[in-house]
Every structure is written in C-alpha cells, then in structure tokens.
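Take a look at the structure set out below.
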Amino acid sequence: MHSSSLRLGSAVLSIASTALGQDPLSYVDQLIGSSNGGNVFPGASLPYGMAKAVADTTSGSNQGGFTLDGTPISGFSALHDSGTGGSPSLGNFPLFPYVSCPEDDIDRCDFPKKTRAPRHGQFADSSVVARPGYFEVTLNTGVEAAMTTTQHTALFRFTFPTSNDGSHPLILQDLSDLSDSRQDNGTVSVDAETGRVTGSGRFQSSFSQGQYVAYFCTDFSGPPIFDNGIFANSRASTEAKDLKISRSINGYPLPGGAFVRFENNETPVLARVGLSYISSEQACSNAEAEIPDYDFDGVEQAAYSAWQEKLSPISISAGGADPDLITNFYSGVYRTMINPQNYTGENPRFSTGEPYFDSFYCLWDSFRSQIPFLTLLDPDAVSEMIRSLIDTYRYEGWLPDCRMTFSKGYTQGGSNADVVLADGFLKGVTGGIDWDVGYEAVVKDAEVEPYDWSSEGRGGLDSWKSLGYIPVQDLDYKGFGTMTRSVSRTLEYSYNDFTISQMAQLRNNTADMEKYLQSSENWKNLYKADQKSAFANGQDTGYVGFFQPKFLNSTWDFQDPLWCSNIDNAGTVCSLQNTAHETFESSIWEYGFFVPHNQADLITLYGGPDAFVTRLDFLHDSNITYIGNEPAFLTVFQYHYAGRPALSAKRAHFYIPRYFGTAPDALPGNDDSGAMGSFVAFSMMGLFPNPGQDVYFITPPFFESVNLTHPQTGNTAIIRNVNFDPTYAAIYIQSATLNGEPYTKNWIDHSFFTEGKELVLTLGTNESDWGTAVADLPPSLGEYTGFNGTLSRNRTTRSIGSRYRSDFGRGGNRLNWS
C-alpha cells in the first residue's frame, strides 16, 4: 500500500490469518511502477476486472492511466490496461469534477482536457491512497475523488469543499480516451430529469489495426440536480441534451460530452459508471445489477474480499526478511491478476457461450512467467483464458499472439499461444477445455501461413519447411508481414514446435511428435561458429560463435551481435518497423541463449559448461541484457543447465531488489500486464519455470518458507529454508529433501504443487555440489557433454523419441522427465 496518510474508510476490512500475522493485501503497493515507464494500472479493479477506475494524468507514460511524475490529472475513467508499452489504450469517457464554474457560468468552465488538466488537475502525491479495490486522490481544488469497482461498473465518490456562495458543483463526462483516438460519430445524451448520461464512441485499438466501440451509462446519487446539458469544444448548453460529434480534420478529436450540475456541495456526489462493449442499454443494466444502491463501502469491501480470496493460496513465513521485500513479493503477485481482462458477455464479435478474455497484451511477454504463475495461483482462470484463446481460433481462424479490445494485435515473434496451450496441457489444466481443438489450433500455426502474418500465425513457412530457417529477405508470396526478425523468429518457431511435440507425445501422436521434435532443432541452422563480437569501440568481447541471419541461398548476412542490446547507443532498431533488424527487442547476444528445450547442445556449441557459464556471466555483468524486458528472464536461471544452480540464486539476488524495488519508479521497464510482477514473485518463491515444459528451477526462497495451496486439489506445497539468513549471506543450497527424502535434482515438476509436497533446502554461504551432477540437471533434448567426462543418460539428437520412457505421460497430462 502506498499512502502518506492511510485511510481505510468506513468499510470494515477483514484480515486474513497468515504466517505474517497480518493481511497480505496490506503489503500490496499498487503504485510500484507508476512512474519511470512501469506503466502499471494502480487503481481500483477486481481480479481480471473489466472496470478499472483511476485518475488519468497527461504523462507521456500514462498507459496505465495514473502516474506519479508531476503531471496533472485530466480525468477519471474506468477502462484501462496495465503495464503496456506503445500507444496508450482505453481511458475512455473520463469524468472531471469542478467545485463550480467561475461566477456559476458554465461557459467559463474548462471543458476540453487540454485546458482543464493544467489549470485544475494538479494534486499532491501525498494525497494519493491506493489499496486493492480502491483508489483516492485529492485535487488541489479541494475535490476528493475516491473510486471502487465491480466487474463492469465503477463507482466514483466526489467530495467537494463546502462553501456558502450558492455555486453549483459540476461533473463533466467527455468522449475522449487516453490516446485521443476517437473516430467520427461519438454520441452522448443526458436525461434532463434524472441526469443519466449515456453514450458511445469508436476508438482505435492499441498495437493493432483494429477499432472498437465502447458504451457507457452514468448515474448520479447525492445532492439534487440543478441542471445539465452537453458541451462541444469549449462551450456548453443546458438546452441541448444530445450530441453527435465528428473527429474533425486536424488529427485530434473535437472535445465533446455532457455535464451535470448539482444544487449544493453538502454531501458527496456518487457517480456510477456502467460499461459495455455491446450497447448503452447493457452498460445501464450492468450498473443497475452490480451496484443497485450506491453502497460505496459495500462495493469496496466486496472488491477487497475478492482480492483476498485470489491471494489466499499463497503465504510466507518472512523469517526476519526486510518488509520491503514482502511488499515487493505480494505486489508482484497482485499485478499478475490485472490483465488479461474477463470480458465474458461483452464480446460484440462472437458470442458462443465460452469465456472471453481480452487484453492479452502480449503473449510474447506473458507466456514466459505471468500465465505460468497463474497456473499455480488461479488455474481456474487459466482454464478460462485457454478456452478463450481456443474460441478465438474457432471464430477467427488463428490463435492470437496479441489481442486488445477485440482486435488482432501485432505478432512480435513466434506463435506463442502455442507455448501457453502446451504449458497448460502439460500441467493438467482442464476446466472444460476442448484440447482436440486446441491441438488443431497449434498445428495450424505450424503448418498454414496466414495472409496477414503480422497479426496472427507465422510467416515464411515455405522457407521454414524447405530450408529449416527463416531467411533474411525471404521470398514469401503467400502471406505478408514485416520482413524482419528472421533470427528471433527462427529461434521462437523452433521452440513453438518443441512445445507442440510435447502435446503430440501426450496425445500418443508419434508422427507429429517426431516431426515437430525434428523442426524444433532448426535453430542450429543459424549458428555461425566463427562469428565474433566486438564492442562499439572495436574491442573484441573475446567470444566466438553466434546466431546470424542467412539468405535464401544459404549464404550469411551479418548483424552485429550487440545491436539492440542494453549497451547499444547507436539507435539501432529491432522492433516491427520495416527498417528493423533480425531480432525483436533484443540482441543476438541475448537471443543466443533462447533455446529453452535444448540447452545441452547449446552448451556444447559454446564450448562446454564452464565456457557457457562464463558467457552467461558476461551477458549479465557487461550490462548487455536488459532485465526490464522479458527475454532476460530465463537467462537468470540458465546456470542450472550448466550444473551451477548456485549462480542462478546469486543472479536472482543481483537483480532483486536492485532493479525491482518498492518505489513508484522502481521497475526496470514496462510491467507488461504483470510479466515483471510474475518474474519477481517466482524468483522470490524460489521456483522459476521454463514455460512450455514441466520444469521449475529450484533456488532458495527470499523468505524462510513459502506455502502455496493448490486451489483445485487443496494440497499445500511448502518450500522451506533451513539456516535462512535474512541478510542473504547464505543463499546457496547445500542439500535438499523432498517429502523427507534426499533430493539432488536442481529442478522439480508441477506435481510438487498439485500433490502438495514439501521441499526443504539447507543453506550455506558457499556454493556446494548440490544439483551439479548430470543426472540432476533439467531435461534437455540433446546430450549433456563435457561434465567431468560424463554424458546425459537421455539422448535424442540421433533418435527422436527415444528421449521419453515407455510410461511417458503417466499421472495425467504431465511429462515424466526423470
């Protein structure tokens, strides 16, 4: 919680009993990441809620609506995303309160947000109060704005300073959004008697080519209504009650909306804003059903209780750990449940009776740790998310990689919904999922090229199948997209195919298993063994052997391995532009480790385990990697594959809390719909996933113990440290037991959580030989070689399929790697 003056309101907030001795929600600070590009949504929301109420500032980093960076408030709106980059999304139909208009003349109020924000939207940071299900800020004008939400409705409470001058408080509602993307024909109507304001607008979906229409229905409770009307641009009328407004021709939508004035300021004004993507009528019915009596405290209590229930499966025994670390942990857990958003019943494109989730923004970010984290904490929600992805495939023909406000978002790399589905399938997620259709969908990603692969599926599949890689400057006449990222797409497609092979194996489809295992090795075709790397000043890094782009005729192109790294200051572009290079949002140096399924062969290519560790250290210690972007996550824990799990623990402590703190500016980058939060939560729990595989890397938790009760089985998994040291001098595992028996593997599978096992880690101040033997390393498609002359027991590089035992898949949808 972030507040200089903690105010809990009149609601009686129930306290959960935990090993901490107090409610875990009291440790949630929603304002972490509300400045310096974290772009979090810090306002009031239910878990996965559609209604998300907060104050919107004019910051250039207001993708989550509110920021603590000195910029003023332009309004209070109730649709938002969290942690995204790019153009801001949502923030539709903001309210704004005035104590009164000068001399009570409505034409002297500032209606356009460009003028009202700097003149009337200033506030003190110390007035901000944020807790789960609640947000509050006081404007310098003296208006206190508090807000809470249900699933589709926001309830705002505006408390005006008292005065005896006979003036009339005014609340306006305009037809804008955060990115000023409204198109033509925004509409608004106000009822002269009740003051009900209804309307709609067509807006541009963020990070996509699509558009959407949103609707609202706003009712007021409090002082009697004095008058109401509409405004267009900077002028208002109490005579007109309806407005239909164009965008204009000047690249900025004309300001327009409605207002309501009240007889006095003796009591707060409650503004109930119902929301819908179907119609204004449905927005009204949502509001009336969810908040029939304007009970602000009751709504807040219900929201708080919903968050308590979602976080209740996980508890810790701090063992003297710094309270800031507890705040860091629970705040990270909290942020995993803001996006994606449950829009079930609000999808105007298709209504099939299946759940519908939106704001997958984007799966390239969330497949790595956010959705795997929810698989532990909220598997029912993950079931619904997967059902939604599959239903989108049924309706639109492809699994989405990004999806926001019913639009196809841009594909950043591979078809990473494949990884999400495979991860859920391997870990036994069911809940009404039609896995036959799910498998059909991932196979289509691998086999059929869409016409517009910039927004779905994969591109360059003819070359992929005939050459075994995506060429730079590919000849692709069957589908179209940005002809860049050939290296990162090759690497991601390889891993996508591996995850499909795992699904095939569990489905007893041997032909598909062998086919996709073979294509999952295509990453090797872009490895150039003699490629060197030098810094910008010409100094050799000392490392040889990197992935490189390759032409259709199998000759090499060149991309400096350090381009688009964290130390590249030349302005190199590695995104979705036509002028971009052959990796996405990352360097060849960093993508050089993205072979999640075959670290053994990668280690061999890099010269063996010692050389691999040295190269991985260089990636981190030379600041080449950027922990504020998701490709860095797995590299923190890849020491496990080289038999050095202690170095993974050391690296996790290097980044947390140094780069992940508890101040508003303490995230290293965009939170990306909770991706950063999940990285923190998993790392501090001491079990980090290799997504798309049934593998969790073991490192010591940041606390004495962590308990997680599986919401479906009711079994409680325990990770407990012996010799826990809250100064973190002792972070190295000396030995371990699993359910009381010695355990030497440096990884564990998902049954740990579903069956409720106990993992006890004895810690020391020095690296030990625990988890270092070849037999104890995480599974890999290829052979481990160079480990004291030993080889992996399991070999697949020459005989696809022999990697797996005859009882593969026993115990449900879980791979048996042992």
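Naming scheme: A, B, ... for chains in displayed order of the structure tokens; residues 1 onward per chain; ligands 1 onward as shown.
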Pick out the residues sitting within 8 Å of Gln211 in chain A, and hand them over as a PyMOL selection string; count only C-alpha atoms, and ignore anything fewer than 2 positions along from it in its own chain. chain A and resi 202-205+209+213+405+407
Enumerate the residues of range 121-363 of chain A with a DSSP assignment of helix (DSSP H, G or I), computed from the backbone, and present them as a VMD selection string. chain A and resid 125 to 127 280 to 290 296 to 311 323 to 335 363
Extract, using only C-alpha atoms, all DNA, RNA and protein residues at most 9 Å from Asn62 in chain A, discarding same-chain residues fewer than 3 positions from it, and format them as an mmCIF file with N, CA and C atoms, in the first residue's frame.
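selection_34.cif was written with the following content:
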data_model
loop_
_atom_site.group_PDB
_atom_site.id
_atom_site.type_symbol
_atom_site.label_atom_id
_atom_site.label_comp_id
_atom_site.auth_asym_id
_atom_site.auth_seq_id
_atom_site.Cartn_x
_atom_site.Cartn_y
_atom_site.Cartn_z
ATOM 1 N N SER A 34 4.428 3.158 -11.060
ATOM 2 C CA SER A 34 3.559 4.229 -11.556
ATOM 3 C C SER A 34 4.338 5.430 -12.062
ATOM 4 N N SER A 35 5.644 5.302 -12.156
ATOM 5 C CA SER A 35 6.466 6.309 -12.833
ATOM 6 C C SER A 35 7.661 5.618 -13.458
ATOM 7 N N GLY A 37 8.234 4.726 -16.494
ATOM 8 C CA GLY A 37 7.978 3.755 -17.549
ATOM 9 C C GLY A 37 7.450 2.420 -17.110
ATOM 10 N N ASN A 39 4.392 1.923 -16.154
ATOM 11 C CA ASN A 39 3.102 1.960 -16.860
ATOM 12 C C ASN A 39 2.038 1.078 -16.227
ATOM 13 N N VAL A 40 2.151 0.826 -14.914
ATOM 14 C CA VAL A 40 1.169 -0.028 -14.262
ATOM 15 C C VAL A 40 -0.164 0.696 -14.126
ATOM 16 N N PHE A 41 -1.221 -0.087 -14.026
ATOM 17 C CA PHE A 41 -2.517 0.445 -13.615
ATOM 18 C C PHE A 41 -2.574 0.366 -12.096
ATOM 19 N N ASP A 56 -6.563 9.725 -14.530
ATOM 20 C CA ASP A 56 -5.687 9.718 -15.703
ATOM 21 C C ASP A 56 -4.865 11.000 -15.730
ATOM 22 N N THR A 57 -3.556 10.869 -15.872
ATOM 23 C CA THR A 57 -2.701 12.038 -15.980
ATOM 24 C C THR A 57 -2.321 12.280 -17.436
ATOM 25 N N THR A 58 -1.662 13.384 -17.667
ATOM 26 C CA THR A 58 -1.261 13.754 -19.030
ATOM 27 C C THR A 58 0.147 13.296 -19.355
ATOM 28 N N SER A 59 0.709 12.442 -18.545
ATOM 29 C CA SER A 59 2.083 11.972 -18.735
ATOM 30 C C SER A 59 2.259 11.299 -20.088
ATOM 31 N N GLY A 65 -2.932 4.813 -17.088
ATOM 32 C CA GLY A 65 -3.810 5.874 -16.625
ATOM 33 C C GLY A 65 -3.101 6.857 -15.725
ATOM 34 N N PHE A 66 -2.754 6.426 -14.516
ATOM 35 C CA PHE A 66 -2.221 7.328 -13.496
ATOM 36 C C PHE A 66 -0.703 7.219 -13.407
ATOM 37 N N THR A 67 -0.056 8.334 -13.182
ATOM 38 C CA THR A 67 1.394 8.358 -12.971
ATOM 39 C C THR A 67 1.734 9.305 -11.823
ATOM 40 N N PRO A 88 -0.985 4.496 -25.589
ATOM 41 C CA PRO A 88 -1.911 4.148 -24.504
ATOM 42 C C PRO A 88 -3.221 3.596 -25.048
ATOM 43 N N LEU A 178 -7.424 7.880 -23.684
ATOM 44 C CA LEU A 178 -6.063 8.287 -23.338
ATOM 45 C C LEU A 178 -5.244 8.704 -24.549
#
Can you tell me which residues surround Thr149 in chain A at a distance of at most 12 Å, considering only C-alpha atoms, apart from same-chain residues fewer than 5 positions away, and format the answer as a PyMOL selection string? chain A and resi 43-54+77-79+132-135+154-157+271-275+286-287+290-291+294-304+306
List as a list in words the protein and nucleic acid residues near range 564-580 of chain A, meaning an atom at most 8 Å away when only C-alpha atoms are counted, but skip any in the same chain fewer than 6 places from it. Gln412, Thr482, Met483, Thr484, Arg485, Ala536, Ser586, Ser587, Trp589, Glu590, Asn623, Ile624, Thr625 and Tyr626 of chain A
Contact residues around range 444-453 of chain A with only C-alpha atoms at 8 Å, ignoring same-chain residues under 3 positions, as a VMD selection string: chain A and resid 398 to 399 411 415 418 440 to 441 456 to 461 478 to 481 497
Identify, with DSSP run on backbone atoms, the residues in range 446-561 of chain A assigned to strand (DSSP E or B), and express the list as a VMD selection string. chain A and resid 452 480 527 to 534 540 to 547 550 556
